[in-house]
$ cat entry-v4.cif   # mmCIF, C-alpha atoms
data_protein
loop_
_atom_site.group_PDB
_atom_site.id
_atom_site.type_symbol
_atom_site.label_atom_id
_atom_site.label_comp_id
_atom_site.auth_asym_id
_atom_site.auth_seq_id
_atom_site.Cartn_x
_atom_site.Cartn_y
_atom_site.Cartn_z
ATOM 1 C CA MET A 1 -7.398 -22.610 68.426
ATOM 2 C CA THR A 2 -8.686 -23.187 64.926
ATOM 3 C CA VAL A 3 -6.413 -22.972 61.920
ATOM 4 C CA HIS A 4 -7.912 -21.954 58.590
ATOM 5 C CA PHE A 5 -6.217 -22.856 55.354
ATOM 6 C CA ALA A 6 -5.829 -20.027 52.817
ATOM 7 C CA ALA A 7 -4.453 -21.122 49.483
ATOM 8 C CA ALA A 8 -1.678 -18.998 48.015
ATOM 9 C CA ARG A 9 -2.685 -16.656 45.227
ATOM 10 C CA THR A 10 -1.354 -17.266 41.785
ATOM 11 C CA SER A 11 1.166 -14.731 40.597
ATOM 12 C CA ALA A 12 -1.104 -13.761 37.708
ATOM 13 C CA ALA A 13 -3.936 -12.778 40.048
ATOM 14 C CA SER A 14 -1.783 -11.054 42.645
ATOM 15 C CA PRO A 15 -2.298 -7.270 42.835
ATOM 16 C CA VAL A 16 1.434 -6.778 43.336
ATOM 17 C CA ALA A 17 2.297 -8.930 40.329
ATOM 18 C CA ARG A 18 -0.230 -7.039 38.178
ATOM 19 C CA ALA A 19 1.241 -3.717 39.256
ATOM 20 C CA LEU A 20 4.784 -4.808 38.428
ATOM 21 C CA THR A 21 4.119 -6.380 35.037
ATOM 22 C CA ARG A 22 4.267 -4.325 31.865
ATOM 23 C CA VAL A 23 1.266 -4.234 29.617
ATOM 24 C CA GLU A 24 1.823 -4.930 25.930
ATOM 25 C CA LEU A 25 0.982 -1.808 23.979
ATOM 26 C CA GLY A 26 -0.740 -2.183 20.655
ATOM 27 C CA CYS A 27 0.095 -0.343 17.484
ATOM 28 C CA PRO A 28 -0.456 3.408 17.689
ATOM 29 C CA ALA A 29 -3.537 4.697 15.937
ATOM 30 C CA ASN A 30 -3.147 7.307 13.228
ATOM 31 C CA ASP A 31 -6.210 9.140 12.030
ATOM 32 C CA ASN A 32 -4.397 10.509 8.980
ATOM 33 C CA GLY A 33 -4.450 7.199 7.137
ATOM 34 C CA GLU A 34 -1.547 5.249 5.756
ATOM 35 C CA ILE A 35 0.016 8.017 3.668
ATOM 36 C CA ARG A 36 2.811 9.832 5.458
ATOM 37 C CA PRO A 37 4.423 12.838 3.826
ATOM 38 C CA HIS A 38 8.082 12.584 3.021
ATOM 39 C CA ASP A 39 10.336 14.314 5.560
ATOM 40 C CA ALA A 40 11.544 16.908 3.023
ATOM 41 C CA VAL A 41 7.967 17.850 2.117
ATOM 42 C CA LEU A 42 6.993 17.993 5.777
ATOM 43 C CA ARG A 43 9.967 20.216 6.564
ATOM 44 C CA ALA A 44 9.154 22.478 3.587
ATOM 45 C CA SER A 45 5.516 22.621 4.705
ATOM 46 C CA LEU A 46 6.430 23.666 8.228
ATOM 47 C CA ARG A 47 8.868 26.280 6.960
ATOM 48 C CA HIS A 48 6.277 27.605 4.493
ATOM 49 C CA PHE A 49 3.657 27.759 7.242
ATOM 50 C CA ALA A 50 6.088 29.661 9.481
ATOM 51 C CA GLU A 51 6.622 32.228 6.731
ATOM 52 C CA HIS A 52 3.035 32.612 5.470
ATOM 53 C CA GLY A 53 0.859 31.681 8.429
ATOM 54 C CA LEU A 54 -2.733 30.626 7.778
ATOM 55 C CA GLY A 55 -2.496 31.605 4.090
ATOM 56 C CA ALA A 56 0.335 29.135 3.475
ATOM 57 C CA ALA A 57 -1.854 26.477 1.838
ATOM 58 C CA ARG A 58 -3.344 28.995 -0.607
ATOM 59 C CA ASP A 59 0.122 30.324 -1.444
ATOM 60 C CA ALA A 60 1.418 26.773 -2.005
ATOM 61 C CA ARG A 61 -1.577 26.094 -4.266
ATOM 62 C CA GLU A 62 -0.788 29.186 -6.351
ATOM 63 C CA ARG A 63 2.880 28.218 -6.634
ATOM 64 C CA ALA A 64 1.924 24.681 -7.689
ATOM 65 C CA HIS A 65 -0.546 26.069 -10.240
ATOM 66 C CA THR A 66 2.106 28.387 -11.686
ATOM 67 C CA ALA A 67 4.699 25.599 -11.827
ATOM 68 C CA PHE A 68 2.292 23.220 -13.566
ATOM 69 C CA PHE A 69 1.442 25.646 -16.357
ATOM 70 C CA ALA A 70 5.125 26.587 -16.684
ATOM 71 C CA GLY A 71 5.792 22.909 -17.429
ATOM 72 C CA ASP A 72 7.881 22.276 -14.311
ATOM 73 C CA ARG A 73 6.402 18.984 -13.088
ATOM 74 C CA GLU A 74 8.973 18.455 -10.295
ATOM 75 C CA THR A 75 8.267 21.840 -8.691
ATOM 76 C CA TYR A 76 4.522 21.277 -9.147
ATOM 77 C CA ASP A 77 4.739 17.947 -7.305
ATOM 78 C CA MET A 78 6.731 19.535 -4.478
ATOM 79 C CA TRP A 79 4.265 22.432 -4.029
ATOM 80 C CA LEU A 80 1.307 20.080 -4.358
ATOM 81 C CA GLY A 81 2.854 17.994 -1.552
ATOM 82 C CA VAL A 82 3.256 21.109 0.593
ATOM 83 C CA CYS A 83 -0.342 22.110 -0.136
ATOM 84 C CA HIS A 84 -1.547 18.567 0.628
ATOM 85 C CA THR A 85 0.295 18.569 3.948
ATOM 86 C CA LEU A 86 -1.247 21.898 4.948
ATOM 87 C CA ASP A 87 -4.756 21.456 3.495
ATOM 88 C CA ARG A 88 -5.709 18.129 1.919
ATOM 89 C CA ARG A 89 -8.994 19.318 0.415
ATOM 90 C CA LEU A 90 -7.389 22.345 -1.218
ATOM 91 C CA ALA A 91 -4.702 20.127 -2.766
ATOM 92 C CA GLN A 92 -7.303 17.667 -4.070
ATOM 93 C CA GLU A 93 -9.266 20.547 -5.573
ATOM 94 C CA LEU A 94 -6.109 21.859 -7.272
ATOM 95 C CA ASP A 95 -5.220 18.430 -8.624
ATOM 96 C CA ARG A 96 -8.739 17.976 -10.016
ATOM 97 C CA SER A 97 -8.789 21.405 -11.659
ATOM 98 C CA VAL A 98 -5.331 20.976 -13.190
ATOM 99 C CA SER A 99 -6.275 17.511 -14.465
ATOM 100 C CA ALA A 100 -9.498 18.849 -15.972
ATOM 101 C CA LYS A 101 -7.668 21.709 -17.717
ATOM 102 C CA ASN A 102 -4.974 19.310 -18.896
ATOM 103 C CA LEU A 103 -7.577 16.938 -20.378
ATOM 104 C CA ALA A 104 -9.421 19.804 -22.084
ATOM 105 C CA GLU A 105 -6.301 20.805 -23.998
#
$ encode --input "entry-v4.cif" --output "structure tokens"
Amino acid sequence: MTVHFAAARTSAASPVARALTRVELGCPANDNGEIRPHDAVLRASLRHFAEHGLGAARDARERAHTAFFAGDRETYDMWLGVCHTLDRRLAQELDRSVSAKNLAE
């Protein structure tokens, strides 16, 4: 009877060892960029969306516009943050228009 030598597998190449080892997970990807809204603004945005539905971003833009021309910068920043959370392009458009009107004066 012939005996054949079969070398032992290394633990790294073993199917059982591969199944039992945990894979290092990389950093999670975020397609929104590095800027994360503050929790209070996010909470206000969600609450505003629950109240106003799909028109919430437009309503937030109007409230920010009103607050800016009333001279209330803190309220303007809060509503601009809500608008930015709901619709980034609308918030950028508002910020540009307010800046242009502010420079014209």
$ residues_around --input "entry-v4.cif" --residues "segment 78-89 of chain A" --least-positions-apart "5" --cutoff "6 Å" --atoms "all atoms listed in the file" --output "PyMOL selection string"
chain A and resi 41+45+57+60-61+64
$ write_last_selection --input "entry-v4.cif" --atoms "C-alpha atoms" --output "tab-separated table (two decimals), keeping the file's coordinate frame"
chain	number	residue	atom	x	y	z
A	41	VAL	CA	7.97	17.85	2.12
A	45	SER	CA	5.52	22.62	4.70
A	57	ALA	CA	-1.85	26.48	1.84
A	60	ALA	CA	1.42	26.77	-2.00
A	61	ARG	CA	-1.58	26.09	-4.27
A	64	ALA	CA	1.92	24.68	-7.69
$ atom_distance --input "entry-v4.cif" --atom1 "atom CA of Arg43 of chain A" --atom2 "atom CA of Ser99 of chain A"
26.7 Å
$ atom_distance --input "entry-v4.cif" --atom1 "atom CA of Arg58 of chain A" --atom2 "atom CA of Ala91 of chain A"
9.2 Å
$ axis_aligned_box --input "entry-v4.cif" --around "segment 51-56 of chain A" --padding-each-side "3 Å" --output "JSON"
{"center_x": 1.9, "center_y": 30.9, "center_z": 6.0, "size_x": 15.4, "size_y": 9.5, "size_z": 11.0}
$ atom_distance --input "entry-v4.cif" --atom1 "atom CA of Arg18 of chain A" --atom2 "atom CA of Val3 of chain A"
29.3 Å
$ closest_residue --input "entry-v4.cif" --among "A:Glu74, A:Phe68, A:Leu20, A:His4" --to "Leu94 of chain A" --atoms "all atoms listed in the file"
A:Phe68
